[in-house]
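Data from my_file-v6.cif: mmCIF, C-alpha atoms
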data_coords
loop_
_atom_site.label_atom_id
_atom_site.label_comp_id
_atom_site.auth_asym_id
_atom_site.auth_seq_id
_atom_site.Cartn_x
_atom_site.Cartn_y
_atom_site.Cartn_z
CA MET A 191 19.39 73.27 28.57
CA GLN A 192 21.55 71.49 26.00
CA LEU A 193 23.80 73.02 23.36
CA SER A 194 21.95 71.13 20.61
CA GLN A 195 18.69 72.76 21.71
CA ILE A 196 20.25 76.22 21.31
CA GLN A 197 21.55 75.23 17.88
CA TYR A 198 18.11 73.98 16.84
CA PHE A 199 16.43 77.13 18.11
CA LEU A 200 18.86 79.44 16.31
CA ALA A 201 18.61 77.56 13.01
CA VAL A 202 14.80 77.69 13.01
CA ALA A 203 14.81 81.34 14.14
CA GLU A 204 17.08 82.37 11.27
CA GLN A 205 15.30 80.29 8.64
CA LEU A 206 11.77 80.81 10.06
CA SER A 207 11.15 77.21 9.10
CA PHE A 208 11.58 73.92 10.94
CA THR A 209 12.27 72.17 7.64
CA ARG A 210 14.95 74.60 6.46
CA GLY A 211 16.42 74.79 9.95
CA ALA A 212 16.84 71.02 10.03
CA GLN A 213 18.38 71.08 6.55
CA GLU A 214 20.81 73.79 7.64
CA LEU A 215 22.00 71.56 10.49
CA ASN A 216 21.81 68.35 8.43
CA VAL A 217 19.56 66.62 10.99
CA VAL A 218 16.07 65.19 10.74
CA GLN A 219 13.21 67.61 11.32
CA SER A 220 11.70 65.48 14.08
CA ALA A 221 14.86 65.92 16.16
CA VAL A 222 14.70 69.70 15.73
CA SER A 223 11.02 69.85 16.66
CA ALA A 224 11.52 67.63 19.72
CA GLY A 225 14.56 69.59 20.86
CA ILE A 226 12.77 72.92 20.65
CA LYS A 227 9.68 71.59 22.44
CA GLN A 228 11.91 70.36 25.26
CA LEU A 229 13.63 73.76 25.40
CA GLU A 230 10.24 75.49 25.61
CA ARG A 231 9.24 73.20 28.49
CA GLU A 232 12.48 73.92 30.34
CA LEU A 233 12.11 77.69 29.86
CA GLY A 234 8.39 77.66 30.53
CA ALA A 235 7.70 79.82 27.49
CA GLN A 236 6.65 79.46 23.87
CA LEU A 237 9.52 80.40 21.57
CA PHE A 238 7.74 80.18 18.21
CA VAL A 239 4.26 80.98 16.98
CA ARG A 240 3.25 78.17 14.65
CA GLN A 241 0.49 78.95 12.16
CA GLY A 242 0.08 76.12 9.69
CA ARG A 243 3.35 75.94 7.79
CA SER A 244 4.43 79.45 8.75
CA VAL A 245 6.65 80.14 11.75
CA ARG A 246 7.56 83.35 13.52
CA LEU A 247 9.33 84.19 16.75
CA ALA A 248 7.19 84.66 19.84
CA PRO A 249 8.19 87.45 22.28
CA ALA A 250 10.16 84.93 24.37
CA GLY A 251 11.94 83.78 21.23
CA GLU A 252 12.85 87.38 20.34
CA ALA A 253 14.33 87.78 23.82
CA LEU A 254 16.30 84.53 23.57
CA LEU A 255 17.71 85.15 20.07
CA PRO A 256 20.65 87.47 20.91
CA ARG A 257 21.50 85.32 23.96
CA ALA A 258 21.51 82.18 21.82
CA ARG A 259 23.89 83.79 19.33
CA ALA A 260 26.16 84.87 22.17
CA ILE A 261 26.18 81.36 23.65
CA LEU A 262 27.17 79.75 20.35
CA ALA A 263 29.80 82.46 19.76
CA GLU A 264 31.35 81.61 23.13
CA VAL A 265 31.34 77.92 22.23
CA ASP A 266 33.05 78.70 18.92
CA GLY A 267 35.62 80.77 20.80
CA ALA A 268 36.35 77.87 23.13
CA ARG A 269 36.81 75.52 20.18
CA ASP A 270 39.10 78.07 18.53
CA ALA A 271 41.30 78.16 21.62
CA VAL A 272 41.60 74.38 21.70
CA ASP A 273 42.23 74.15 17.95
CA ALA A 274 44.85 76.90 18.10
CA GLY A 275 46.73 74.91 20.72
CA GLY A 276 46.92 72.05 18.24
CA GLY A 277 47.79 74.29 15.29
CA MET A 278 44.42 73.70 13.56
CA VAL A 279 41.90 76.20 12.19
CA ARG A 280 38.38 75.03 11.45
CA GLY A 281 34.85 76.36 11.43
CA THR A 282 32.09 77.70 9.19
CA VAL A 283 31.92 81.29 7.96
CA SER A 284 28.78 82.83 6.44
CA LEU A 285 29.95 85.44 3.94
CA GLY A 286 27.53 87.84 2.29
CA THR A 287 28.60 88.83 -1.20
CA LEU A 288 27.67 90.98 -4.18
CA SER A 289 27.22 89.98 -7.80
CA TYR A 290 29.98 92.46 -8.73
CA LEU A 291 33.26 92.46 -6.79
CA GLY A 292 35.45 94.59 -9.01
CA ALA A 293 38.94 93.15 -9.42
CA LEU A 294 38.52 90.67 -6.56
CA ASP A 295 38.54 87.07 -7.81
CA MET A 296 36.42 85.29 -5.18
CA GLY A 297 37.01 81.92 -6.84
CA LYS A 298 40.75 82.22 -6.23
CA VAL A 299 40.14 83.38 -2.66
CA LEU A 300 38.05 80.29 -1.90
CA LEU A 301 40.57 78.00 -3.58
CA GLU A 302 43.42 79.42 -1.50
CA ILE A 303 41.42 79.03 1.72
CA HIS A 304 40.56 75.42 0.84
CA ARG A 305 44.17 74.55 0.09
CA ARG A 306 45.61 76.10 3.24
CA TYR A 307 42.73 75.50 5.66
CA PRO A 308 40.70 72.49 4.48
CA GLU A 309 38.64 72.47 7.71
CA VAL A 310 37.30 76.01 7.08
CA VAL A 311 33.91 76.04 5.31
CA VAL A 312 32.80 79.26 3.60
CA LYS A 313 29.08 79.66 2.90
CA LEU A 314 28.48 82.40 0.33
CA ARG A 315 25.22 84.33 0.64
CA LEU A 316 24.49 86.45 -2.44
CA THR A 317 22.61 89.55 -1.37
CA VAL A 318 19.09 89.83 -2.74
CA GLU A 319 18.11 93.02 -0.91
CA GLY A 320 21.28 95.07 -0.97
CA THR A 321 23.82 96.57 1.37
CA ARG A 322 21.31 97.78 3.95
CA THR A 323 20.18 94.24 4.79
CA SER A 324 23.74 92.89 4.65
CA LEU A 325 24.83 95.44 7.24
CA ALA A 326 21.94 94.47 9.50
CA ALA A 327 22.78 90.77 9.08
CA VAL A 328 26.41 91.37 10.12
CA GLN A 329 25.33 93.44 13.13
CA GLU A 330 22.88 90.80 14.34
CA GLY A 331 25.21 87.89 13.57
CA THR A 332 23.32 86.06 10.84
CA LEU A 333 26.29 86.85 8.60
CA ASN A 334 29.83 86.59 9.94
CA LEU A 335 31.25 88.82 7.22
CA ALA A 336 29.87 90.65 4.19
CA LEU A 337 31.14 92.24 1.02
CA LEU A 338 29.04 95.34 0.39
CA SER A 339 29.08 98.92 -0.85
CA VAL A 340 28.61 101.93 1.41
CA SER A 341 29.44 105.57 0.75
CA ASN A 342 29.91 106.44 4.44
CA PRO A 343 33.13 104.86 5.81
CA GLN A 344 31.80 105.15 9.39
CA VAL A 345 29.02 102.72 10.31
CA ALA A 346 28.13 102.15 13.98
CA GLY A 347 29.11 98.69 15.19
CA ILE A 348 30.82 97.78 11.91
CA ALA A 349 34.48 97.68 10.87
CA LEU A 350 34.89 98.34 7.14
CA HIS A 351 37.91 97.39 5.04
CA GLU A 352 37.92 98.78 1.51
CA ILE A 353 38.81 96.17 -1.08
CA HIS A 354 37.90 97.96 -4.31
CA ALA A 355 37.30 101.49 -5.59
CA GLU A 356 36.88 102.73 -9.13
CA PRO A 357 35.42 105.76 -10.93
CA MET A 358 31.74 105.86 -11.79
CA VAL A 359 30.38 107.16 -15.07
CA LEU A 360 27.02 108.42 -16.22
CA VAL A 361 25.99 106.17 -19.11
CA ILE A 362 23.58 107.69 -21.64
CA PRO A 363 22.33 106.59 -25.08
CA ALA A 364 24.53 107.64 -28.00
CA GLY A 365 21.77 109.92 -29.31
CA HIS A 366 21.21 111.68 -25.99
CA ARG A 367 21.34 115.51 -25.88
CA LEU A 368 24.43 115.34 -23.61
CA ALA A 369 26.37 112.81 -25.73
CA GLY A 370 29.86 114.12 -26.41
CA ARG A 371 30.12 115.99 -23.14
CA GLN A 372 33.03 115.32 -20.78
CA GLN A 373 31.27 116.51 -17.66
CA VAL A 374 27.75 117.28 -16.49
CA ASP A 375 26.21 118.90 -13.45
CA LEU A 376 23.62 116.98 -11.45
CA SER A 377 21.13 119.80 -11.99
CA GLU A 378 21.29 119.11 -15.75
CA ILE A 379 20.25 115.48 -15.35
CA ALA A 380 17.87 115.54 -12.40
CA GLY A 381 14.89 115.22 -14.74
CA GLU A 382 16.18 112.12 -16.55
CA GLN A 383 14.59 108.67 -16.24
CA TYR A 384 17.04 106.38 -14.46
CA VAL A 385 17.90 102.70 -14.53
CA ASP A 386 19.26 101.81 -11.10
CA PHE A 387 19.43 99.24 -8.35
CA PRO A 388 16.61 99.01 -5.75
CA GLU A 389 16.55 101.20 -2.66
CA GLY A 390 18.86 99.94 0.05
CA TRP A 391 21.62 98.92 -2.37
CA GLY A 392 24.86 100.76 -1.67
CA ASN A 393 25.39 102.22 -5.13
CA ARG A 394 21.79 103.49 -5.26
CA THR A 395 22.23 105.17 -1.87
CA THR A 396 25.46 106.84 -3.02
CA ILE A 397 23.78 108.49 -6.00
CA ASP A 398 20.55 109.35 -4.16
CA SER A 399 22.62 111.08 -1.48
CA ALA A 400 24.50 113.11 -4.08
CA PHE A 401 21.25 114.45 -5.55
CA SER A 402 19.73 115.08 -2.12
CA ALA A 403 22.80 117.06 -1.04
CA GLN A 404 22.00 119.56 -3.81
CA GLY A 405 18.28 119.61 -3.03
CA LEU A 406 17.50 117.64 -6.19
CA HIS A 407 15.18 114.72 -6.79
CA ARG A 408 15.51 112.10 -9.52
CA SER A 409 13.15 109.43 -10.82
CA VAL A 410 14.21 105.79 -11.10
CA ARG A 411 12.13 104.33 -13.89
CA THR A 412 13.51 100.79 -13.87
CA GLU A 413 15.13 98.83 -11.04
CA VAL A 414 17.58 96.03 -11.84
CA VAL A 415 20.16 93.93 -9.95
CA SER A 416 22.63 93.43 -12.82
CA LEU A 417 25.17 95.95 -14.09
CA ASP A 418 25.25 94.44 -17.57
CA PHE A 419 21.46 94.46 -17.81
CA ALA A 420 21.37 98.10 -16.71
CA LEU A 421 23.84 98.94 -19.48
CA GLU A 422 21.74 97.09 -22.04
CA LEU A 423 18.63 99.02 -21.02
CA VAL A 424 20.51 102.28 -21.55
CA ARG A 425 21.46 101.07 -25.04
CA GLN A 426 17.75 100.46 -25.64
CA GLU A 427 17.14 104.11 -24.63
CA LEU A 428 15.02 103.20 -21.61
CA GLY A 429 16.93 105.58 -19.36
CA VAL A 430 20.35 106.63 -18.13
CA ALA A 431 22.46 104.98 -15.40
CA PHE A 432 25.40 105.53 -13.07
CA LEU A 433 27.72 102.53 -13.41
CA PRO A 434 31.30 101.56 -12.57
CA GLN A 435 33.71 102.50 -15.33
CA SER A 436 34.86 98.90 -15.74
CA THR A 437 31.36 97.84 -16.82
CA VAL A 438 31.61 100.12 -19.87
CA GLU A 439 35.21 99.14 -20.57
CA ARG A 440 34.26 95.47 -20.49
CA SER A 441 31.27 95.72 -22.83
CA GLY A 442 32.35 98.54 -25.16
CA THR A 443 30.78 101.90 -25.98
CA GLN A 444 28.62 100.94 -28.95
CA GLY A 445 25.28 102.73 -28.68
CA ILE A 446 26.21 104.64 -25.52
CA TRP A 447 28.23 107.59 -24.24
CA ALA A 448 29.96 107.56 -20.84
CA VAL A 449 30.46 110.82 -18.95
CA PRO A 450 32.96 110.84 -16.05
CA VAL A 451 31.47 111.88 -12.69
CA PRO A 452 33.18 112.74 -9.38
CA ARG A 453 31.93 109.63 -7.60
CA LYS A 454 33.58 106.33 -6.69
CA TRP A 455 32.11 102.83 -6.75
CA ARG A 456 33.38 101.31 -3.51
CA ILE A 457 33.29 97.76 -2.17
CA GLN A 458 34.13 96.97 1.45
CA LEU A 459 34.52 93.93 3.67
CA ALA A 460 32.39 94.35 6.80
CA ARG A 461 32.53 92.66 10.20
CA ALA A 462 30.85 93.38 13.52
CA THR A 463 32.94 95.10 16.20
CA ASN A 464 30.96 93.82 19.19
CA ARG A 465 32.65 90.43 19.16
CA GLN A 466 36.03 88.93 18.40
CA PRO A 467 36.28 87.19 15.01
CA THR A 468 36.76 83.44 15.15
CA ALA A 469 39.95 81.94 13.79
CA ALA A 470 38.02 80.81 10.68
CA GLU A 471 36.63 84.33 10.13
CA ASP A 472 40.13 85.74 10.51
CA VAL A 473 41.39 83.34 7.85
CA VAL A 474 38.67 84.44 5.41
CA MET A 475 39.24 88.14 6.12
CA ARG A 476 43.00 87.89 5.61
CA ALA A 477 42.55 85.93 2.37
CA ILE A 478 40.13 88.49 0.93
CA LEU A 479 42.23 91.50 1.93
CA ALA A 480 45.45 89.95 0.60
CA LYS A 481 43.84 89.11 -2.74
CA ALA A 482 42.35 92.61 -2.94
CA ARG A 483 45.76 94.21 -2.34
CA ASN A 484 47.32 92.06 -5.07
CA ALA A 485 44.53 93.04 -7.49
CA ILE A 486 45.26 96.77 -7.18
#
As structure tokens, what does this structure read like?
Amino acid sequence: MQLSQIQYFLAVAEQLSFTRGAQELNVVQSAVSAGIKQLERELGAQLFVRQGRSVRLAPAGEALLPRARAILAEVDGARDAVDAGGGMVRGTVSLGTLSYLGALDMGKVLLEIHRRYPEVVVKLRLTVEGTRTSLAAVQEGTLNLALLSVSNPQVAGIALHEIHAEPMVLVIPAGHRLAGRQQVDLSEIAGEQYVDFPEGWGNRTTIDSAFSAQGLHRSVRTEVVSLDFALELVRQELGVAFLPQSTVERSGTQGIWAVPVPRKWRIQLARATNRQPTAAEDVVMRAILAKARNAI
């Protein structure tokens, strides 16, 4: 069993595509296909079920996946040890991120990392399914780190470092029956039509949990993945929304009214606790946390 075969297997398993797996590794697809076939022969088991152009893991592949990640993690650790002896830090870090990061300037974070550690490559992965999937990706190792939003500071197998917190507001149209109020009770607004993020997104979970805690149910009429678009839909009187205060401050209050609520919009940096971070991951973590502290 060769290290390249494990790398090929893991790339295809994570991409569920021989083509995308080869592109991820910057090698020709024929080499990936041949390497995996050889690995299957050596193991005496089929690792992938190939159906036309679609690919999925076979039971043997499912069993191998966590072992393959552990093998490559050990290899990375060995390289870290050698590099550290020579005063060098290098490696690739997959970082899940959100479209909204509060006061954190990710561009400046990446620039600082590049200047100080030119051999560290950061691959940003913008979440398309929310915090729930980002947490799972960190736990299983498909993401090294992730910026996400959870209301519960205790998540099994995950270390969370808060990098941003700000008040949330209930945003309603200027002509709404509650416009002018400085506070509202959740029971007064349970029957409203809401504009919110999809289920599984951290901010959606925070608000859903608040209503559930009081035995209330709310209806989300429109799901979006953009704070500014959610605000615009409220201005068009298509519903009401819970948003970070800075979104309103940035765009202005024309056509809307913002009511303070006792909830915080939180953003955290997450890493798995079942393995030691690589030197490259440590560099990225320290850069993000330092920039977040300076932004406060």
Checklist entry - Near A:Ala260, within 12 Å and counting all atoms listed in the file, which residues show up once chain neighbours fewer than 2 positions away are dropped, as a PyMOL selection string? => result chain A and resi 196-197+200+254-258+262-267+330-332+464-466
Find the residues around A:Thr287 up to 9 Å (all atoms listed in the file counted), leave out those fewer than 2 positions away in its own chain, and share them as a short mmCIF file (atom, residue, chain, number, x, y, z; two decimals) with C-alpha atoms, keeping the file's coordinate frame.
data_model
loop_
_atom_site.label_atom_id
_atom_site.label_comp_id
_atom_site.auth_asym_id
_atom_site.auth_seq_id
_atom_site.Cartn_x
_atom_site.Cartn_y
_atom_site.Cartn_z
CA LEU A 285 29.95 85.44 3.94
CA SER A 289 27.22 89.98 -7.80
CA TYR A 290 29.98 92.46 -8.73
CA LEU A 291 33.26 92.46 -6.79
CA LEU A 314 28.48 82.40 0.33
CA ARG A 315 25.22 84.33 0.64
CA LEU A 316 24.49 86.45 -2.44
CA THR A 317 22.61 89.55 -1.37
CA SER A 324 23.74 92.89 4.65
CA LEU A 335 31.25 88.82 7.22
CA ALA A 336 29.87 90.65 4.19
CA LEU A 337 31.14 92.24 1.02
CA LEU A 338 29.04 95.34 0.39
#
Item to check | Residues selected by the PyMOL selection byres ((chain A and resi 370-384) around 7), written as a PyMOL selection string | outcome: chain A and resi 368-369+385-386+401+406-412+429-431+449-451
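Nearest residue to A:Ala480 among A:Ile353, A:Met278, A:Ala221, A:Ala462 is A:Ile353, counting all atoms listed in the file.
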Next on the checklist: Calculated over only C-alpha atoms, which of the candidates A:Ala400, A:Ala248, A:Ala346, A:Leu479 has the smallest distance to A:Ala326?
Outcome noted: A:Ala346
Checklist entry - Which polymer residues have any atom within 8 Å of an atom of stretch 456-460 of chain A, counting all atoms listed in the file, with same-chain residues fewer than 3 positions away left out, as a ChimeraX atom specification? => result /A:291-292,325,328,335-341,348-356,475
Using C-alpha atoms, can you export the residues from the last selection as a JSON list (two decimals), in the frame of the given file?
[["chain", "number", "residue", "atom", "x", "y", "z"],
["A", 291, "LEU", "CA", 33.26, 92.46, -6.79],
["A", 292, "GLY", "CA", 35.45, 94.59, -9.01],
["A", 325, "LEU", "CA", 24.83, 95.44, 7.24],
["A", 328, "VAL", "CA", 26.41, 91.37, 10.12],
["A", 335, "LEU", "CA", 31.25, 88.82, 7.22],
["A", 336, "ALA", "CA", 29.87, 90.65, 4.19],
["A", 337, "LEU", "CA", 31.14, 92.24, 1.02],
["A", 338, "LEU", "CA", 29.04, 95.34, 0.39],
["A", 339, "SER", "CA", 29.08, 98.92, -0.85],
["A", 340, "VAL", "CA", 28.61, 101.93, 1.41],
["A", 341, "SER", "CA", 29.44, 105.57, 0.75],
["A", 348, "ILE", "CA", 30.82, 97.78, 11.91],
["A", 349, "ALA", "CA", 34.48, 97.68, 10.87],
["A", 350, "LEU", "CA", 34.89, 98.34, 7.14],
["A", 351, "HIS", "CA", 37.91, 97.39, 5.04],
["A", 352, "GLU", "CA", 37.92, 98.78, 1.51],
["A", 353, "ILE", "CA", 38.81, 96.17, -1.08],
["A", 354, "HIS", "CA", 37.90, 97.96, -4.31],
["A", 355, "ALA", "CA", 37.30, 101.49, -5.59],
["A", 356, "GLU", "CA", 36.88, 102.73, -9.13],
["A", 475, "MET", "CA", 39.24, 88.14, 6.12]]
Checklist entry - So what does the PyMOL selection byres ((chain A and resi 207-219) around 12) actually pick up in this one, as a PyMOL selection string? => result chain A and resi 194-206+220-227+238-247+282+313
Item to check | Two-atom distance - atom CA of A:Ser399, atom CA of A:Trp455 (Å) | outcome: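 For atom CA of A:Ser399 relative to atom CA of A:Trp455, the distance reads 13.6 Å.
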Next on the checklist: Which residues are close to A:Glu389, i.e. within 12 Å by all atoms listed in the file, leaving aside same-chain residues fewer than 2 positions away? Reply as a PyMOL selection string.
Outcome noted: chain A and resi 318-323+386-387+391-399+410+412-415
Item to check | All residues 10 Å or closer to A:Glu309, all atoms listed in the file, same chain fewer than 6 positions away omitted, as a list in words | outcome: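 Here the answer would be Met278, Val279, Arg280, Gly281, Thr282, Ile303 and Ala470 of chain A.
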Around all listed atoms of stretch 318-335 of chain A, padded 6 Å per side, what centre and edge lengths does the axis-aligned box have in Å to one decimal, as JSON?
{"center_x": 24.7, "center_y": 91.9, "center_z": 5.8, "size_x": 25.1, "size_y": 23.7, "size_z": 29.1}
Checklist entry - Mind pulling up the distance from atom CA of A:Leu301 to atom CA of A:Glu439? => result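 About the pair atom CA of A:Glu439 and atom CA of A:Leu301: they are 27.6 Å apart.
The gap separating atom CA of A:Ala448 from atom CA of A:Gln426 is 14.9 Å, in Å to one decimal.
You can rank A:Val312, A:Thr468, A:Ile362, A:Pro343 by their closest distance to A:Val283 using only C-alpha atoms, and at the top of that list sits A:Val312.
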Go through the shown structure with the PyMOL selection byres ((chain A and resi 452) around 9) and write out the matching residues as a PDB file with C-alpha atoms, in the coordinates of the input.
ATOM      1  CA  PRO A 357      35.420 105.760 -10.930  1.00  0.00           C
ATOM      2  CA  MET A 358      31.740 105.860 -11.790  1.00  0.00           C
ATOM      3  CA  VAL A 359      30.380 107.160 -15.070  1.00  0.00           C
ATOM      4  CA  PRO A 450      32.960 110.840 -16.050  1.00  0.00           C
ATOM      5  CA  VAL A 451      31.470 111.880 -12.690  1.00  0.00           C
ATOM      6  CA  ARG A 453      31.930 109.630  -7.600  1.00  0.00           C
ATOM      7  CA  LYS A 454      33.580 106.330  -6.690  1.00  0.00           C
TER       8      LYS A 454
END
Item to check | Residue with smallest distance to A:Leu417 - pool A:Pro434, A:Pro363, A:Gly405, A:Gly286, counting only C-alpha atoms | outcome: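 Counting only C-alpha atoms, the residue closest to A:Leu417 is A:Pro434.
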Item to check | Residue among A:Gln236, A:Thr463, A:Ser284, A:Ser436 lying closest to A:Val345, counting only C-alpha atoms | outcome: A:Thr463
